[in-house]
$ cat final20.pdb   # PDB, C-alpha atoms
MODEL        1
ATOM      1  CA  MET S   1     -81.767-103.693 -40.375
ATOM      2  CA  ASN S   2     -79.506-103.301 -43.391
ATOM      3  CA  SER S   3     -75.886-103.038 -42.198
ATOM      4  CA  GLN S   4     -74.890-100.957 -45.224
ATOM      5  CA  ILE S   5     -74.321 -97.253 -44.598
ATOM      6  CA  THR S   6     -75.596 -94.674 -47.070
ATOM      7  CA  LEU S   7     -73.327 -91.619 -47.365
ATOM      8  CA  VAL S   8     -75.047 -88.268 -47.814
ATOM      9  CA  ASN S   9     -73.566 -84.897 -48.746
ATOM     10  CA  PRO S  10     -74.932 -81.771 -47.045
ATOM     11  CA  GLN S  11     -77.985 -80.069 -48.512
ATOM     12  CA  PHE S  12     -79.090 -76.482 -48.011
ATOM     13  CA  ILE S  13     -82.128 -74.334 -48.563
ATOM     14  CA  ASP S  14     -81.177 -71.887 -51.326
ATOM     15  CA  ALA S  15     -81.198 -68.848 -49.050
ATOM     16  CA  ASN S  16     -78.761 -70.519 -46.656
ATOM     17  CA  GLU S  17     -76.454 -72.153 -49.200
ATOM     18  CA  PRO S  18     -72.803 -71.155 -48.692
ATOM     19  CA  ALA S  19     -70.552 -70.147 -51.570
ATOM     20  CA  GLU S  20     -68.436 -73.307 -51.230
ATOM     21  CA  VAL S  21     -68.797 -76.548 -49.284
ATOM     22  CA  LEU S  22     -65.821 -78.713 -48.376
ATOM     23  CA  ILE S  23     -66.517 -82.339 -47.473
ATOM     24  CA  VAL S  24     -64.375 -83.758 -44.654
ATOM     25  CA  TYR S  25     -64.260 -87.538 -45.042
ATOM     26  CA  PRO S  26     -63.704 -89.513 -42.987
ATOM     27  CA  ASP S  27     -64.619 -87.354 -39.995
ATOM     28  CA  ASN S  28     -61.309 -88.226 -38.359
ATOM     29  CA  LEU S  29     -59.218 -85.081 -38.381
ATOM     30  CA  LYS S  30     -56.012 -86.939 -37.565
ATOM     31  CA  ASN S  31     -56.095 -88.645 -40.968
ATOM     32  CA  THR S  32     -58.597 -87.426 -43.519
ATOM     33  CA  ASN S  33     -59.201 -85.885 -46.915
ATOM     34  CA  ILE S  34     -61.053 -82.671 -47.706
ATOM     35  CA  PHE S  35     -62.909 -82.438 -51.018
ATOM     36  CA  ARG S  36     -64.997 -79.837 -52.784
ATOM     37  CA  ALA S  37     -68.612 -80.998 -52.668
ATOM     38  CA  GLY S  38     -69.617 -82.478 -56.002
ATOM     39  CA  ASN S  39     -66.008 -83.154 -56.990
ATOM     40  CA  GLU S  40     -64.791 -85.823 -54.613
ATOM     41  CA  GLY S  41     -62.293 -87.567 -56.853
ATOM     42  CA  GLN S  42     -59.285 -85.384 -56.046
ATOM     43  CA  PRO S  43     -58.828 -84.064 -52.484
ATOM     44  CA  LEU S  44     -58.075 -80.385 -52.040
ATOM     45  CA  TYR S  45     -56.352 -81.154 -48.729
ATOM     46  CA  THR S  46     -54.898 -84.320 -47.230
ATOM     47  CA  VAL S  47     -54.264 -84.630 -43.491
ATOM     48  CA  LYS S  48     -51.873 -87.259 -42.141
ATOM     49  CA  SER S  49     -50.633 -87.850 -38.585
ATOM     50  CA  ASN S  50     -48.089 -90.212 -37.089
ATOM     51  CA  LEU S  51     -49.234 -92.968 -34.734
ATOM     52  CA  ALA S  52     -48.523 -90.933 -31.610
ATOM     53  CA  ILE S  53     -50.440 -87.929 -33.040
ATOM     54  CA  THR S  54     -47.449 -85.746 -32.183
ATOM     55  CA  GLU S  55     -47.015 -84.628 -35.793
ATOM     56  CA  THR S  56     -49.631 -83.766 -38.408
ATOM     57  CA  THR S  57     -48.980 -82.708 -42.002
ATOM     58  CA  ILE S  58     -51.507 -80.943 -44.234
ATOM     59  CA  THR S  59     -50.794 -81.083 -47.965
ATOM     60  CA  THR S  60     -52.456 -79.858 -51.156
ATOM     61  CA  PRO S  61     -51.940 -80.852 -54.815
ATOM     62  CA  LEU S  62     -50.405 -77.407 -55.419
ATOM     63  CA  ASP S  63     -47.634 -77.704 -52.813
ATOM     64  CA  ASP S  64     -44.027 -77.424 -53.915
ATOM     65  CA  PRO S  65     -42.188 -80.780 -53.637
ATOM     66  CA  GLY S  66     -41.304 -81.447 -50.009
ATOM     67  CA  VAL S  67     -43.033 -78.274 -48.786
ATOM     68  CA  PRO S  68     -46.503 -79.026 -47.336
ATOM     69  CA  LEU S  69     -49.093 -76.382 -46.609
ATOM     70  CA  ALA S  70     -48.412 -76.910 -42.916
ATOM     71  CA  LYS S  71     -46.693 -79.165 -40.425
ATOM     72  CA  ILE S  72     -47.925 -79.216 -36.828
ATOM     73  CA  GLU S  73     -45.813 -80.514 -33.941
ATOM     74  CA  ARG S  74     -47.648 -81.241 -30.677
ATOM     75  CA  ARG S  75     -45.929 -81.068 -27.295
ATOM     76  CA  GLU S  76     -47.268 -82.223 -23.916
ATOM     77  CA  ILE S  77     -45.599 -79.548 -21.794
ATOM     78  CA  VAL S  78     -44.318 -76.766 -24.046
ATOM     79  CA  SER S  79     -46.332 -74.999 -26.738
ATOM     80  CA  ASP S  80     -47.286 -76.714 -30.003
ATOM     81  CA  LYS S  81     -45.355 -75.543 -33.052
ATOM     82  CA  ILE S  82     -46.361 -74.977 -36.657
ATOM     83  CA  THR S  83     -44.570 -74.456 -39.949
ATOM     84  CA  ILE S  84     -46.675 -72.879 -42.711
ATOM     85  CA  ARG S  85     -45.566 -73.252 -46.345
ATOM     86  CA  GLY S  86     -41.982 -73.999 -45.340
ATOM     87  CA  ARG S  87     -41.501 -70.693 -43.533
ATOM     88  CA  GLU S  88     -39.912 -70.342 -40.101
ATOM     89  CA  THR S  89     -41.348 -72.654 -37.440
ATOM     90  CA  MET S  90     -43.241 -70.771 -34.730
ATOM     91  CA  LYS S  91     -45.413 -71.427 -31.709
ATOM     92  CA  THR S  92     -48.942 -72.160 -32.858
ATOM     93  CA  LYS S  93     -50.363 -69.693 -30.334
ATOM     94  CA  SER S  94     -48.231 -66.879 -31.711
ATOM     95  CA  TRP S  95     -50.261 -67.142 -34.918
ATOM     96  CA  LEU S  96     -53.591 -68.627 -33.796
ATOM     97  CA  LYS S  97     -54.377 -67.048 -30.441
ATOM     98  CA  TYR S  98     -56.692 -68.864 -28.017
ATOM     99  CA  GLY S  99     -57.112 -69.628 -24.343
ATOM    100  CA  GLY S 100     -56.981 -73.000 -22.643
ATOM    101  CA  ILE S 101     -54.328 -75.700 -22.480
ATOM    102  CA  PHE S 102     -55.799 -79.105 -23.265
ATOM    103  CA  THR S 103     -58.999 -77.863 -24.869
ATOM    104  CA  ILE S 104     -59.690 -74.573 -26.629
ATOM    105  CA  LYS S 105     -61.169 -71.654 -24.754
ATOM    106  CA  PHE S 106     -62.889 -69.640 -27.461
ATOM    107  CA  PRO S 107     -62.762 -67.201 -29.145
ATOM    108  CA  ALA S 108     -59.645 -68.002 -31.174
ATOM    109  CA  THR S 109     -58.242 -65.240 -33.364
ATOM    110  CA  PHE S 110     -55.748 -64.770 -36.179
ATOM    111  CA  GLU S 111     -54.785 -62.076 -38.647
ATOM    112  CA  GLU S 112     -54.352 -62.444 -42.402
ATOM    113  CA  ASN S 113     -53.801 -59.759 -45.032
ATOM    114  CA  GLY S 114     -54.358 -57.017 -42.476
ATOM    115  CA  ARG S 115     -57.748 -58.329 -41.318
ATOM    116  CA  LYS S 116     -58.595 -59.971 -38.006
ATOM    117  CA  TYR S 117     -60.677 -63.150 -37.880
ATOM    118  CA  MET S 118     -62.338 -64.893 -34.960
ATOM    119  CA  TRP S 119     -63.463 -68.498 -34.438
ATOM    120  CA  LYS S 120     -66.295 -68.897 -31.933
ATOM    121  CA  SER S 121     -67.967 -71.997 -30.520
ATOM    122  CA  SER S 122     -71.698 -72.517 -29.962
ATOM    123  CA  ILE S 123     -73.359 -74.233 -27.022
ATOM    124  CA  VAL S 124     -73.308 -77.495 -29.025
ATOM    125  CA  ASN S 125     -69.570 -77.099 -29.803
ATOM    126  CA  GLN S 126     -70.056 -76.103 -33.436
ATOM    127  CA  ILE S 127     -67.309 -73.692 -34.455
ATOM    128  CA  SER S 128     -67.885 -70.758 -36.789
ATOM    129  CA  LEU S 129     -65.573 -68.110 -38.218
ATOM    130  CA  TYR S 130     -66.298 -64.388 -38.244
ATOM    131  CA  LEU S 131     -64.602 -61.230 -39.332
ATOM    132  CA  ALA S 132     -63.756 -59.372 -36.136
ATOM    133  CA  SER S 133     -65.371 -56.306 -37.711
ATOM    134  CA  ASP S 134     -68.658 -58.231 -38.221
ATOM    135  CA  PRO S 135     -68.985 -60.656 -35.277
ATOM    136  CA  ASP S 136     -72.626 -61.580 -35.917
ATOM    137  CA  ARG S 137     -72.392 -62.973 -39.454
ATOM    138  CA  PRO S 138     -70.402 -66.216 -39.895
ATOM    139  CA  ILE S 139     -68.204 -66.525 -42.967
ATOM    140  CA  ALA S 140     -67.383 -70.205 -42.338
ATOM    141  CA  TRP S 141     -68.724 -72.984 -40.123
ATOM    142  CA  PHE S 142     -68.095 -76.668 -39.496
ATOM    143  CA  GLU S 143     -70.620 -79.409 -38.887
ATOM    144  CA  LYS S 144     -69.579 -82.850 -37.690
ATOM    145  CA  SER S 145     -70.829 -86.024 -39.332
ATOM    146  CA  ARG S 146     -74.167 -87.381 -38.110
ATOM    147  CA  LYS S 147     -75.648 -90.872 -38.235
ATOM    148  CA  ARG S 148     -79.373 -91.452 -38.538
ATOM    149  CA  VAL S 149     -81.633 -94.398 -39.249
ATOM    150  CA  VAL S 150     -84.070 -93.721 -42.096
ATOM    151  CA  ASP S 151     -86.540 -96.434 -43.136
ATOM    152  CA  GLY S 152     -84.358 -99.044 -41.471
ATOM    153  CA  GLU S 153     -81.166 -97.889 -43.205
ATOM    154  CA  VAL S 154     -78.194 -96.199 -41.579
ATOM    155  CA  VAL S 155     -77.539 -92.809 -43.177
ATOM    156  CA  LEU S 156     -74.290 -90.945 -42.557
ATOM    157  CA  HIS S 157     -74.410 -87.219 -43.192
ATOM    158  CA  LYS S 158     -70.820 -86.310 -43.990
ATOM    159  CA  ALA S 159     -68.925 -83.674 -42.044
ATOM    160  CA  PHE S 160     -68.420 -80.421 -43.901
ATOM    161  CA  LEU S 161     -66.844 -76.994 -43.724
ATOM    162  CA  ALA S 162     -68.995 -74.281 -45.302
ATOM    163  CA  LEU S 163     -67.358 -71.151 -46.712
ATOM    164  CA  GLN S 164     -68.687 -67.776 -47.727
ATOM    165  CA  PRO S 165     -66.766 -65.567 -50.213
ATOM    166  CA  GLU S 166     -64.813 -63.777 -47.468
ATOM    167  CA  ALA S 167     -63.500 -67.129 -46.229
ATOM    168  CA  MET S 168     -62.753 -68.420 -49.724
ATOM    169  CA  GLU S 169     -60.311 -65.525 -50.156
ATOM    170  CA  ILE S 170     -58.085 -67.117 -47.489
ATOM    171  CA  ARG S 171     -59.268 -70.713 -47.805
ATOM    172  CA  ASP S 172     -55.951 -72.373 -46.957
ATOM    173  CA  ILE S 173     -55.683 -70.433 -43.706
ATOM    174  CA  VAL S 174     -59.331 -71.049 -42.817
ATOM    175  CA  VAL S 175     -58.922 -74.804 -43.343
ATOM    176  CA  LEU S 176     -55.663 -74.872 -41.398
ATOM    177  CA  SER S 177     -56.997 -72.936 -38.405
ATOM    178  CA  PHE S 178     -60.180 -75.030 -38.344
ATOM    179  CA  LEU S 179     -58.175 -78.278 -38.336
ATOM    180  CA  ILE S 180     -55.959 -77.105 -35.470
ATOM    181  CA  LEU S 181     -58.862 -75.987 -33.282
ATOM    182  CA  GLU S 182     -61.272 -78.839 -33.939
ATOM    183  CA  LEU S 183     -58.648 -81.570 -33.581
ATOM    184  CA  LYS S 184     -57.181 -80.090 -30.390
ATOM    185  CA  ASN S 185     -60.656 -79.835 -28.899
ATOM    186  CA  ARG S 186     -61.500 -83.424 -29.808
ATOM    187  CA  MET S 187     -58.257 -84.748 -28.358
ATOM    188  CA  GLY S 188     -58.753 -82.728 -25.170
ATOM    189  CA  GLN S 189     -62.363 -83.835 -24.777
ATOM    190  CA  LYS S 190     -61.378 -87.465 -25.242
ATOM    191  CA  ALA S 191     -58.679 -87.121 -22.590
ATOM    192  CA  GLU S 192     -61.206 -85.543 -20.205
ATOM    193  CA  GLU S 193     -63.672 -88.380 -20.825
ATOM    194  CA  LEU S 194     -60.964 -90.941 -20.081
ATOM    195  CA  ASN S 195     -60.039 -89.117 -16.871
ATOM    196  CA  VAL S 196     -63.686 -88.991 -15.795
ATOM    197  CA  GLY S 197     -63.982 -92.708 -16.527
ATOM    198  CA  ARG S 198     -60.945 -93.421 -14.380
ATOM    199  CA  ALA S 199     -62.319 -91.253 -11.567
ATOM    200  CA  VAL S 200     -65.676 -93.051 -11.666
ATOM    201  CA  ALA S 201     -63.903 -96.415 -11.644
ATOM    202  CA  MET S 202     -61.856 -95.331  -8.631
ATOM    203  CA  ASP S 203     -65.006 -94.168  -6.792
ATOM    204  CA  VAL S 204     -66.704 -97.481  -7.455
ATOM    205  CA  GLY S 205     -63.613 -99.275  -6.231
ATOM    206  CA  ASP S 206     -63.578 -97.195  -3.048
ATOM    207  CA  TRP S 207     -67.220 -97.996  -2.334
ATOM    208  CA  GLY S 208     -66.459-101.641  -2.803
ATOM    209  CA  VAL S 209     -63.740-101.728  -0.114
TER
ENDMDL
END
$ encode --input "final20.pdb" --output "structure tokens"
Amino acid sequence: MNSQITLVNPQFIDANEPAEVLIVYPDNLKNTNIFRAGNEGQPLYTVKSNLAITETTITTPLDDPGVPLAKIERREIVSDKITIRGRETMKTKSWLKYGGIFTIKFPATFEENGRKYMWKSSIVNQISLYLASDPDRPIAWFEKSRKRVVDGEVVLHKAFLALQPEAMEIRDIVVLSFLILELKNRMGQKAEELNVGRAVAMDVGDWGV
């Protein structure tokens, strides 16, 4: 098998094509770039985290010097904090409201320009954004990257965030809320998997006594 990986952008049937598609590459939300599909030379958003993943900064080419789009501070015991566009730092949950502690309990809601928005999660953990006034029609959705083997070659379908016009109106906020929710969920799920692994190891050890 050829060890080279072929990268593939998302493709849609015309009727289902969103108004804008943002490529998330690599699919590592701690440190990644977000590009407009078809124009992947200059990132629209850059995400960088410190080694401990206690601080994440999201920047855009249009930011004022020294003022990123957002800075997220993660805490183990007290609430996470966020600073958006250099404004006053606040608890993340005071802006983006959701249940759960280590992982997200959906729905997650926020308000922008007098309208309420709601992120929901499907049975396969795909998150989609809706207007609260129209909870059956998604205006944005995220799909993780997928690897497949086609004719003996490894094909990587890149992760993407799809946006409809209603989401494009508040694109910065949509991207920011998506990053917070998806990354927190991934970190929480990884921690749960590690805890389950430890529990299984302890059970095996007990049986071996």
$ resolve_selection --input "final20.pdb" --expression "the PyMOL selection byres ((chain S and resi 138-153) around 9)" --output "NGL selection string"
:S and (1-6 or 18 or 24-27 or 119 or 126-131 or 134-137 or 154-168 or 174 or 178)
$ residues_near_point --input "final20.pdb" --point "(-57.2, -83.7, -30.6)" --cutoff "10 Å" --atoms "all atoms listed in the file" --output "PyMOL selection string"
chain S and resi 28-30+53+74+102-103+179-191
$ write_last_selection --input "final20.pdb" --atoms "C-alpha atoms" --output "tab-separated table (two decimals), keeping the file's coordinate frame"
chain	number	residue	atom	x	y	z
S	28	ASN	CA	-61.31	-88.23	-38.36
S	29	LEU	CA	-59.22	-85.08	-38.38
S	30	LYS	CA	-56.01	-86.94	-37.56
S	53	ILE	CA	-50.44	-87.93	-33.04
S	74	ARG	CA	-47.65	-81.24	-30.68
S	102	PHE	CA	-55.80	-79.10	-23.26
S	103	THR	CA	-59.00	-77.86	-24.87
S	179	LEU	CA	-58.18	-78.28	-38.34
S	180	ILE	CA	-55.96	-77.10	-35.47
S	181	LEU	CA	-58.86	-75.99	-33.28
S	182	GLU	CA	-61.27	-78.84	-33.94
S	183	LEU	CA	-58.65	-81.57	-33.58
S	184	LYS	CA	-57.18	-80.09	-30.39
S	185	ASN	CA	-60.66	-79.83	-28.90
S	186	ARG	CA	-61.50	-83.42	-29.81
S	187	MET	CA	-58.26	-84.75	-28.36
S	188	GLY	CA	-58.75	-82.73	-25.17
S	189	GLN	CA	-62.36	-83.84	-24.78
S	190	LYS	CA	-61.38	-87.46	-25.24
S	191	ALA	CA	-58.68	-87.12	-22.59
$ closest_residue --input "final20.pdb" --among "S:Gly100, S:Phe110, S:Ala37, S:Ile23" --to "Ser177 in chain S" --atoms "all atoms listed in the file"
S:Phe110
$ residues_around --input "final20.pdb" --residues "range 75-84 of chain S" --least-positions-apart "2" --cutoff "12 Å" --atoms "all atoms listed in the file" --output "PDB file with C-alpha atoms, in the frame of the given file"
ATOM      1  CA  ALA S  52     -48.523 -90.933 -31.610  1.00  0.00           C
ATOM      2  CA  ILE S  53     -50.440 -87.929 -33.040  1.00  0.00           C
ATOM      3  CA  THR S  54     -47.449 -85.746 -32.183  1.00  0.00           C
ATOM      4  CA  GLU S  55     -47.015 -84.628 -35.793  1.00  0.00           C
ATOM      5  CA  THR S  56     -49.631 -83.766 -38.408  1.00  0.00           C
ATOM      6  CA  THR S  57     -48.980 -82.708 -42.002  1.00  0.00           C
ATOM      7  CA  ILE S  58     -51.507 -80.943 -44.234  1.00  0.00           C
ATOM      8  CA  THR S  59     -50.794 -81.083 -47.965  1.00  0.00           C
ATOM      9  CA  ASP S  63     -47.634 -77.704 -52.813  1.00  0.00           C
ATOM     10  CA  VAL S  67     -43.033 -78.274 -48.786  1.00  0.00           C
ATOM     11  CA  PRO S  68     -46.503 -79.026 -47.336  1.00  0.00           C
ATOM     12  CA  LEU S  69     -49.093 -76.382 -46.609  1.00  0.00           C
ATOM     13  CA  ALA S  70     -48.412 -76.910 -42.916  1.00  0.00           C
ATOM     14  CA  LYS S  71     -46.693 -79.165 -40.425  1.00  0.00           C
ATOM     15  CA  ILE S  72     -47.925 -79.216 -36.828  1.00  0.00           C
ATOM     16  CA  GLU S  73     -45.813 -80.514 -33.941  1.00  0.00           C
ATOM     17  CA  GLY S  86     -41.982 -73.999 -45.340  1.00  0.00           C
ATOM     18  CA  ARG S  87     -41.501 -70.693 -43.533  1.00  0.00           C
ATOM     19  CA  GLU S  88     -39.912 -70.342 -40.101  1.00  0.00           C
ATOM     20  CA  THR S  89     -41.348 -72.654 -37.440  1.00  0.00           C
ATOM     21  CA  MET S  90     -43.241 -70.771 -34.730  1.00  0.00           C
ATOM     22  CA  LYS S  91     -45.413 -71.427 -31.709  1.00  0.00           C
ATOM     23  CA  THR S  92     -48.942 -72.160 -32.858  1.00  0.00           C
ATOM     24  CA  LYS S  93     -50.363 -69.693 -30.334  1.00  0.00           C
ATOM     25  CA  SER S  94     -48.231 -66.879 -31.711  1.00  0.00           C
ATOM     26  CA  TRP S  95     -50.261 -67.142 -34.918  1.00  0.00           C
ATOM     27  CA  LEU S  96     -53.591 -68.627 -33.796  1.00  0.00           C
ATOM     28  CA  LYS S  97     -54.377 -67.048 -30.441  1.00  0.00           C
ATOM     29  CA  GLY S 100     -56.981 -73.000 -22.643  1.00  0.00           C
ATOM     30  CA  ILE S 101     -54.328 -75.700 -22.480  1.00  0.00           C
ATOM     31  CA  PHE S 102     -55.799 -79.105 -23.265  1.00  0.00           C
ATOM     32  CA  ASP S 172     -55.951 -72.373 -46.957  1.00  0.00           C
ATOM     33  CA  ILE S 173     -55.683 -70.433 -43.706  1.00  0.00           C
ATOM     34  CA  LEU S 176     -55.663 -74.872 -41.398  1.00  0.00           C
ATOM     35  CA  SER S 177     -56.997 -72.936 -38.405  1.00  0.00           C
ATOM     36  CA  ILE S 180     -55.959 -77.105 -35.470  1.00  0.00           C
ATOM     37  CA  LYS S 184     -57.181 -80.090 -30.390  1.00  0.00           C
ATOM     38  CA  GLY S 188     -58.753 -82.728 -25.170  1.00  0.00           C
TER      39      GLY S 188
END
$ atom_distance --input "final20.pdb" --atom1 "CA of Gln11 in chain S" --atom2 "CA of Asn39 in chain S"
15.0 Å
$ atom_distance --input "final20.pdb" --atom1 "CA of Thr32 in chain S" --atom2 "CA of Ile104 in chain S"
21.3 Å
$ atom_distance --input "final20.pdb" --atom1 "CA of Val175 in chain S" --atom2 "CA of Leu22 in chain S"
9.4 Å
